Every structure is written in C-alpha cells, then in structure tokens.
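Colleague: Sharing structure22.tsv here; it has TSV, C-alpha atoms.
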chain	number	residue	atom	x	y	z
A	38	MET	CA	-2.71	-17.06	6.52
A	39	LEU	CA	-2.95	-13.77	4.64
A	40	LYS	CA	-5.23	-14.18	1.64
A	41	ILE	CA	-4.92	-11.79	-1.30
A	42	LEU	CA	-7.20	-11.75	-4.35
A	43	THR	CA	-5.66	-9.97	-7.33
A	44	LEU	CA	-8.08	-9.26	-10.17
A	45	ASN	CA	-6.48	-8.35	-13.49
A	46	ALA	CA	-9.07	-7.04	-15.94
A	47	SER	CA	-6.68	-6.35	-18.81
A	48	PRO	CA	-7.00	-8.57	-21.89
A	49	VAL	CA	-3.34	-7.92	-22.79
A	50	LYS	CA	-0.58	-10.28	-21.71
A	51	GLY	CA	2.24	-8.49	-19.89
A	52	SER	CA	0.18	-5.32	-19.61
A	53	SER	CA	0.99	-2.30	-17.46
A	54	THR	CA	-2.12	-3.14	-15.42
A	55	SER	CA	-0.72	-6.58	-14.61
A	56	ILE	CA	2.75	-5.22	-13.80
A	57	LEU	CA	1.39	-2.64	-11.37
A	58	LEU	CA	-0.80	-5.23	-9.67
A	59	ASP	CA	2.29	-7.40	-9.19
A	60	GLN	CA	4.14	-4.45	-7.65
A	61	LEU	CA	1.27	-3.80	-5.25
A	62	ALA	CA	1.29	-7.43	-4.17
A	63	ALA	CA	5.08	-7.38	-3.79
A	64	GLY	CA	4.81	-4.34	-1.54
A	65	ILE	CA	2.32	-6.16	0.65
A	66	LEU	CA	4.36	-9.33	0.88
A	67	GLU	CA	7.67	-7.66	1.69
A	68	LYS	CA	6.08	-6.15	4.81
A	69	SER	CA	3.95	-9.10	5.84
A	70	GLU	CA	5.14	-11.46	8.54
A	71	GLN	CA	2.38	-13.97	7.80
A	72	LEU	CA	2.26	-16.88	5.44
A	73	TYR	CA	0.34	-15.78	2.40
A	74	GLU	CA	-1.62	-16.88	-0.63
A	75	ASN	CA	-1.97	-14.49	-3.56
A	76	ARG	CA	-4.57	-15.73	-6.02
A	77	LYS	CA	-4.11	-13.72	-9.20
A	78	VAL	CA	-7.01	-14.05	-11.61
A	79	ASP	CA	-6.83	-12.94	-15.23
A	80	LEU	CA	-10.50	-12.17	-15.82
A	81	ASN	CA	-10.06	-12.36	-19.59
A	82	GLU	CA	-9.43	-16.09	-19.30
A	83	LEU	CA	-12.72	-16.81	-17.53
A	84	LYS	CA	-15.98	-17.73	-19.21
A	85	ILE	CA	-18.50	-15.60	-17.33
A	86	LEU	CA	-22.15	-15.07	-18.24
A	87	PRO	CA	-23.27	-11.44	-18.02
A	88	CYS	CA	-25.58	-10.68	-15.11
A	89	GLN	CA	-29.10	-11.76	-16.00
A	90	SER	CA	-30.84	-9.46	-13.47
A	91	CYS	CA	-32.85	-12.43	-12.22
A	92	GLY	CA	-35.18	-10.40	-10.01
A	93	GLU	CA	-35.05	-12.89	-7.18
A	94	SER	CA	-32.59	-13.86	-4.51
A	95	PRO	CA	-30.40	-16.94	-5.11
A	96	ALA	CA	-29.99	-17.42	-1.32
A	97	PRO	CA	-28.75	-19.59	0.22
A	98	ASP	CA	-26.68	-20.00	-2.96
A	99	TYR	CA	-24.43	-17.19	-4.15
A	100	CYS	CA	-25.78	-17.16	-7.69
A	101	PHE	CA	-28.08	-19.18	-9.91
A	102	TYR	CA	-25.34	-19.57	-12.52
A	103	HIS	CA	-22.31	-21.75	-11.76
A	104	ASP	CA	-19.82	-20.63	-14.37
A	105	ASP	CA	-16.15	-19.65	-14.00
A	106	ILE	CA	-16.86	-16.82	-11.56
A	107	TYR	CA	-18.61	-19.07	-9.06
A	108	PRO	CA	-15.49	-20.53	-7.36
A	109	LEU	CA	-14.24	-16.97	-6.75
A	110	TYR	CA	-17.19	-15.92	-4.60
A	111	GLU	CA	-16.04	-17.81	-1.52
A	112	TYR	CA	-12.47	-16.54	-1.87
A	113	LEU	CA	-13.63	-12.96	-2.39
A	114	ILE	CA	-15.79	-13.11	0.73
A	115	ASN	CA	-13.08	-14.56	2.95
A	116	CYS	CA	-9.88	-12.95	1.69
A	117	ASP	CA	-8.07	-10.16	3.54
A	118	ILE	CA	-7.00	-7.94	0.63
A	119	VAL	CA	-8.40	-7.32	-2.86
A	120	LEU	CA	-6.31	-5.72	-5.60
A	121	PHE	CA	-8.34	-4.74	-8.67
A	122	GLY	CA	-6.73	-3.46	-11.87
A	123	SER	CA	-8.26	-2.38	-15.14
A	124	PRO	CA	-7.28	-0.52	-18.30
A	125	VAL	CA	-9.47	2.47	-19.08
A	126	TYR	CA	-11.53	2.04	-22.25
A	127	PHE	CA	-14.01	4.75	-23.33
A	128	ASP	CA	-13.40	6.49	-19.98
A	129	THR	CA	-14.41	3.51	-17.85
A	130	VAL	CA	-13.30	0.03	-16.82
A	131	SER	CA	-12.77	-2.78	-19.32
A	132	ALA	CA	-15.59	-5.12	-20.28
A	133	GLN	CA	-13.86	-7.86	-18.29
A	134	ALA	CA	-13.90	-5.73	-15.13
A	135	LYS	CA	-17.53	-4.67	-15.53
A	136	LEU	CA	-18.64	-8.24	-16.19
A	137	PHE	CA	-17.03	-9.39	-12.93
A	138	ILE	CA	-18.45	-6.48	-10.95
A	139	ASP	CA	-21.98	-7.00	-12.26
A	140	ARG	CA	-21.91	-10.68	-11.34
A	141	CYS	CA	-21.01	-9.74	-7.74
A	142	ASN	CA	-24.34	-7.95	-7.36
A	143	CYS	CA	-25.74	-11.15	-5.83
A	144	LEU	CA	-23.30	-10.93	-2.92
A	145	ARG	CA	-25.83	-8.52	-1.44
A	146	PRO	CA	-29.05	-10.29	-2.46
A	147	PRO	CA	-32.38	-8.43	-2.36
A	148	ASP	CA	-34.61	-8.95	0.67
A	149	PHE	CA	-38.05	-8.75	-0.87
A	150	LYS	CA	-39.78	-9.85	2.36
A	151	GLY	CA	-38.10	-7.15	4.45
A	152	GLU	CA	-36.84	-9.64	7.03
A	153	SER	CA	-33.44	-7.97	7.39
A	154	GLY	CA	-34.77	-4.44	7.78
A	155	GLU	CA	-32.93	-3.36	4.64
A	156	TYR	CA	-33.55	-3.77	0.94
A	157	PHE	CA	-30.34	-5.80	0.47
A	158	ARG	CA	-29.04	-8.51	2.78
A	159	LYS	CA	-25.46	-8.15	3.98
A	160	ILE	CA	-23.98	-11.62	3.73
A	161	ILE	CA	-20.39	-10.36	3.91
A	162	SER	CA	-19.46	-9.71	7.52
A	163	LYS	CA	-15.71	-9.36	7.12
A	164	LYS	CA	-14.34	-5.95	6.22
A	165	ARG	CA	-11.33	-6.14	3.94
A	166	PHE	CA	-8.75	-3.74	2.53
A	167	GLY	CA	-7.97	-3.12	-1.10
A	168	ALA	CA	-6.45	-0.93	-3.76
A	169	MET	CA	-7.03	-0.32	-7.43
A	170	VAL	CA	-4.87	0.11	-10.52
A	171	LEU	CA	-6.06	2.12	-13.52
A	172	VAL	CA	-4.08	2.38	-16.76
A	173	GLY	CA	-5.12	4.78	-19.49
A	174	GLY	CA	-3.90	6.67	-22.49
A	175	GLN	CA	-2.18	10.02	-22.63
A	176	ARG	CA	-5.33	11.97	-21.72
A	177	GLY	CA	-5.28	10.32	-18.30
A	178	GLN	CA	-9.06	10.33	-17.74
A	179	PHE	CA	-9.49	8.00	-14.75
A	180	GLU	CA	-12.35	9.31	-12.63
A	181	CYS	CA	-15.24	7.40	-14.23
A	182	ALA	CA	-13.35	4.11	-13.98
A	183	ARG	CA	-12.30	4.87	-10.41
A	184	ARG	CA	-15.91	5.44	-9.38
A	185	VAL	CA	-16.99	2.09	-10.84
A	186	ILE	CA	-14.42	0.12	-8.84
A	187	ALA	CA	-15.00	2.28	-5.75
A	188	GLY	CA	-18.69	1.42	-5.94
A	189	PHE	CA	-17.83	-2.27	-6.21
A	190	PHE	CA	-15.52	-2.01	-3.19
A	191	LYS	CA	-18.30	-0.43	-1.14
A	192	TRP	CA	-20.76	-3.11	-2.23
A	193	VAL	CA	-18.53	-5.97	-1.03
A	194	ARG	CA	-17.15	-4.21	2.09
A	195	ILE	CA	-13.64	-3.38	0.92
A	196	SER	CA	-11.96	-0.30	2.34
A	197	ASN	CA	-9.97	1.34	-0.46
A	198	CYS	CA	-6.42	2.21	0.61
A	199	GLY	CA	-5.50	4.01	-2.59
A	200	THR	CA	-5.35	4.13	-6.37
A	201	ILE	CA	-2.40	3.81	-8.72
A	202	SER	CA	-3.14	5.62	-11.99
A	203	TYR	CA	-0.81	5.41	-14.97
A	204	ALA	CA	-1.17	7.44	-18.15
A	205	SER	CA	0.80	5.85	-20.96
A	206	ASP	CA	3.37	7.80	-22.95
A	207	ASP	CA	3.47	8.21	-26.72
A	208	GLN	CA	4.31	4.51	-27.07
A	209	TRP	CA	0.96	3.58	-25.49
A	210	TRP	CA	0.36	0.62	-27.85
A	211	GLN	CA	3.34	-1.28	-26.43
A	212	ALA	CA	2.33	-3.61	-23.62
A	213	GLY	CA	4.01	-3.15	-20.26
A	214	ARG	CA	5.37	0.39	-20.79
A	215	VAL	CA	5.08	1.06	-17.06
A	216	GLY	CA	8.00	-1.32	-16.56
A	217	LEU	CA	10.25	1.57	-17.65
A	218	ASP	CA	8.73	3.99	-15.13
A	219	THR	CA	10.68	3.30	-11.94
A	220	ALA	CA	8.86	6.04	-10.01
A	221	LYS	CA	5.44	4.55	-10.77
A	222	LEU	CA	6.63	1.04	-9.85
A	223	ALA	CA	7.95	2.39	-6.55
A	224	GLU	CA	4.64	4.19	-5.94
A	225	ALA	CA	2.74	0.92	-6.35
A	226	ARG	CA	5.12	-0.94	-4.06
A	227	LEU	CA	4.79	1.77	-1.40
A	228	LEU	CA	1.01	1.55	-1.52
A	229	GLY	CA	1.36	-2.20	-0.98
A	230	ASN	CA	3.45	-1.44	2.12
A	231	GLN	CA	0.71	0.87	3.38
A	232	ILE	CA	-2.01	-1.72	2.87
A	233	ILE	CA	-0.30	-4.26	5.07
A	234	SER	CA	0.18	-1.65	7.79
A	235	ASN	CA	-3.62	-1.33	7.97
A	236	LEU	CA	-3.89	-5.01	8.86
A	237	THR	CA	-1.48	-4.83	11.79
I'd like the structure from this file rewritten - as structure tokens, please.

Modeller:
Amino acid sequence: MLKILTLNASPVKGSSTSILLDQLAAGILEKSEQLYENRKVDLNELKILPCQSCGESPAPDYCFYHDDIYPLYEYLINCDIVLFGSPVYFDTVSAQAKLFIDRCNCLRPPDFKGESGEYFRKIISKKRFGAMVLVGGQRGQFECARRVIAGFFKWVRISNCGTISYASDDQWWQAGRVGLDTAKLAEARLLGNQIISNLT
C-alpha cells in the first residue's frame, strides 16, 4: 500500500496551502496503480509541546514527550511520500511548521558514546520522496522558508522532488485564492504525477 503523509501547516481553513497540497496528492493518486492511504494532518489542530532540547537520547523511544505528535513518528518513518505545506510568515515557515520540524529532531538522536561512528544515529533506513508547498504574499519571498523544509527533508531522509510556490494577488487576505489560478493548480498536479514516477 502506498502511504502518503500530508502535513498542512496553515492555521487557516480552506487555505491556498491546503488546496495546493490536495492537488499534489491528487496528482500522485491519479498515476498510482497501488492502493493508497493519504493521512492529511492539520498541524494547527494538534497540541504539541515545543522541543525541550533535552540533551540526552530518548532511545529506544522516539521522544520523551508523548503528546499529539507522537503517533505521527511511526507513520513519518514508514510512509512512502511526504507532502509539506506552509504559509510564509516573516519570510519563513509558520509557527505550526517549525514546531513540528523541531520535534522531529529526535528522529536522529545524538550518540554521545560514539557507538555508531557518527554524532547522530540514523534510525530511519527508508528513503522517501516528497514535495513542498509555500504560499506567501505579493512579495513572493520563499527562499528562507524553502531552506527550512529542505533541511527537515534531509534530516528525515526525504528526497525533495520539487516545490510549488504561490504568491497571492491583491486579494491576499481571502482564503483559498489559489483555487482561481488554474495554471498553479495544474502545476501542483503535474508535480504529483512526477513524484509517483520516481517510485516506479
């Protein structure tokens, strides 16, 4: 079964971020011949403690804190595709996105004894594919946010297949404006097609 994890870091219902993530997933599913499960998570609805920088490894557990993020660790490790979308606030990802990313630090726990030959243990053996969605204002400043998610992808062994960036028009305060941009919706769907081709 094809397992997709879709992470929506927008706090806005019906946002352009959410719409573009749905288009990415649709592009994957229309080309997939497998049964699938797409677990879409609205990060704003989770109660997640900020990373406490514990200074010690939680191994063999994933994390010392079992809050709403904890059930997602296993799915994140074992899924085939990760789609991560965030609005751009103050030139970077949303607080919801950064909170999730920081709490995934423990998926490469520190090896203070040096038993693995590296400073961080690699507990994720499966390489996955992914893509990101970034939605910003008219200035269209996406690079800082892109680098944050790209760093997260590298940390958890996700090969990035591409980025969909959308700069809102002069009606930027209206949720879901990308729904009127047929070219951008098609671009997201095409990227979804390309992701599934990497798996075959």

Colleague: Near segment 125-135 of chain A, counting only C-alpha atoms, which residues have an atom at most 8 Å away, once you skip same-chain residues fewer than 2 positions from it, shown as a compact mmCIF listing (two decimals) with C-alpha atoms, in the coordinates of the input?

Modeller:
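Listing of selection-v1.txt after writing:
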# COMPACT_ATOMS: atom_id res chain seq x y z
CA ALA A 46 -9.07 -7.04 -15.94
CA SER A 47 -6.68 -6.35 -18.81
CA PRO A 48 -7.00 -8.57 -21.89
CA LEU A 80 -10.50 -12.17 -15.82
CA ASN A 81 -10.06 -12.36 -19.59
CA SER A 123 -8.26 -2.38 -15.14
CA PHE A 137 -17.03 -9.39 -12.93
CA ILE A 138 -18.45 -6.48 -10.95
CA ASP A 139 -21.98 -7.00 -12.26
CA LEU A 171 -6.06 2.12 -13.52
CA VAL A 172 -4.08 2.38 -16.76
CA GLY A 173 -5.12 4.78 -19.49
CA GLY A 174 -3.90 6.67 -22.49
CA GLN A 178 -9.06 10.33 -17.74
CA PHE A 179 -9.49 8.00 -14.75
CA GLU A 180 -12.35 9.31 -12.63
CA CYS A 181 -15.24 7.40 -14.23
CA ALA A 182 -13.35 4.11 -13.98
CA ARG A 183 -12.30 4.87 -10.41
CA VAL A 185 -16.99 2.09 -10.84

Colleague: So the first atom is atom CA of Glu82 of chain A and the second is atom CA of Lys221 of chain A; what is the distance between them in Å, to one decimal place?

Modeller: 26.8 Å

Colleague: For each of A:Arg140, A:Ser205, A:Val49, A:Tyr73, take the minimum atom-to-atom distance to His103 of chain A, counting only C-alpha atoms, then give the residue where this is smallest.

Modeller: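 Looking only at the distances to His103 of chain A, the closest residue turns out to be A:Arg140.
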
Colleague: Give me, please, the distance in Å between atom CA of Ser202 of chain A and atom CA of Ser55 of chain A, quoted to one decimal.

Modeller: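 Calculated distance between atom CA of Ser202 of chain A and atom CA of Ser55 of chain A is 12.7 Å.
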
Colleague: For atom CA of Asp104 of chain A and atom CA of Leu83 of chain A, determine how far apart the two atoms are, in Å to one decimal place.

Modeller: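 Computing the Euclidean distance for atom CA of Asp104 of chain A and atom CA of Leu83 of chain A yields 8.7 Å.
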
Colleague: Closest to Gly51 of chain A among A:Gln211, A:Cys116, A:Tyr107, A:Ala63, using all atoms listed in the file?

Modeller: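 Checking each candidate against Gly51 of chain A, we get A:Gln211 as the closest.
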
Colleague: Out of A:Tyr110, A:Val170, A:Ser94, A:Leu66, which residue has the shortest atom-to-atom distance to Val193 of chain A when counting all atoms listed in the file?

Modeller: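 Looking at the shortest contact to Val193 of chain A, the residue is A:Tyr110.
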
Colleague: What's around segment 59-61 of chain A at 6 Å? Count only C-alpha atoms, leave out sequence neighbours fewer than 4 positions away in its own chain, and write the answer as a list of chain:residue names.

Modeller: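 Here the qualifying residues turn out to be A:Ala225, A:Arg226, A:Gly229.
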
Colleague: Name the closest residue to Trp192 of chain A among the candidates A:Arg165, A:Arg145, A:Gln175, A:Leu217; distances are taken between atoms, counting only C-alpha atoms.

Modeller: A:Arg145

Colleague: Taking all atoms listed in the file into account, which of A:Tyr203, A:Phe121, A:Phe189, A:Phe166 comes nearest Lys77 of chain A?

Modeller: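 So, comparing all the options, the nearest one is A:Phe121.
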
Colleague: Each side padded by 3 Å, which centre and which edge lengths in Å (one decimal) define the axis-aligned box around the listed atoms of segment 76-82 of chain A? Give them as lines of an AutoDock Vina configuration file.

Modeller:
center_x = -7.3
center_y = -14.1
center_z = -12.8
size_x = 12.4
size_y = 9.9
size_z = 19.6
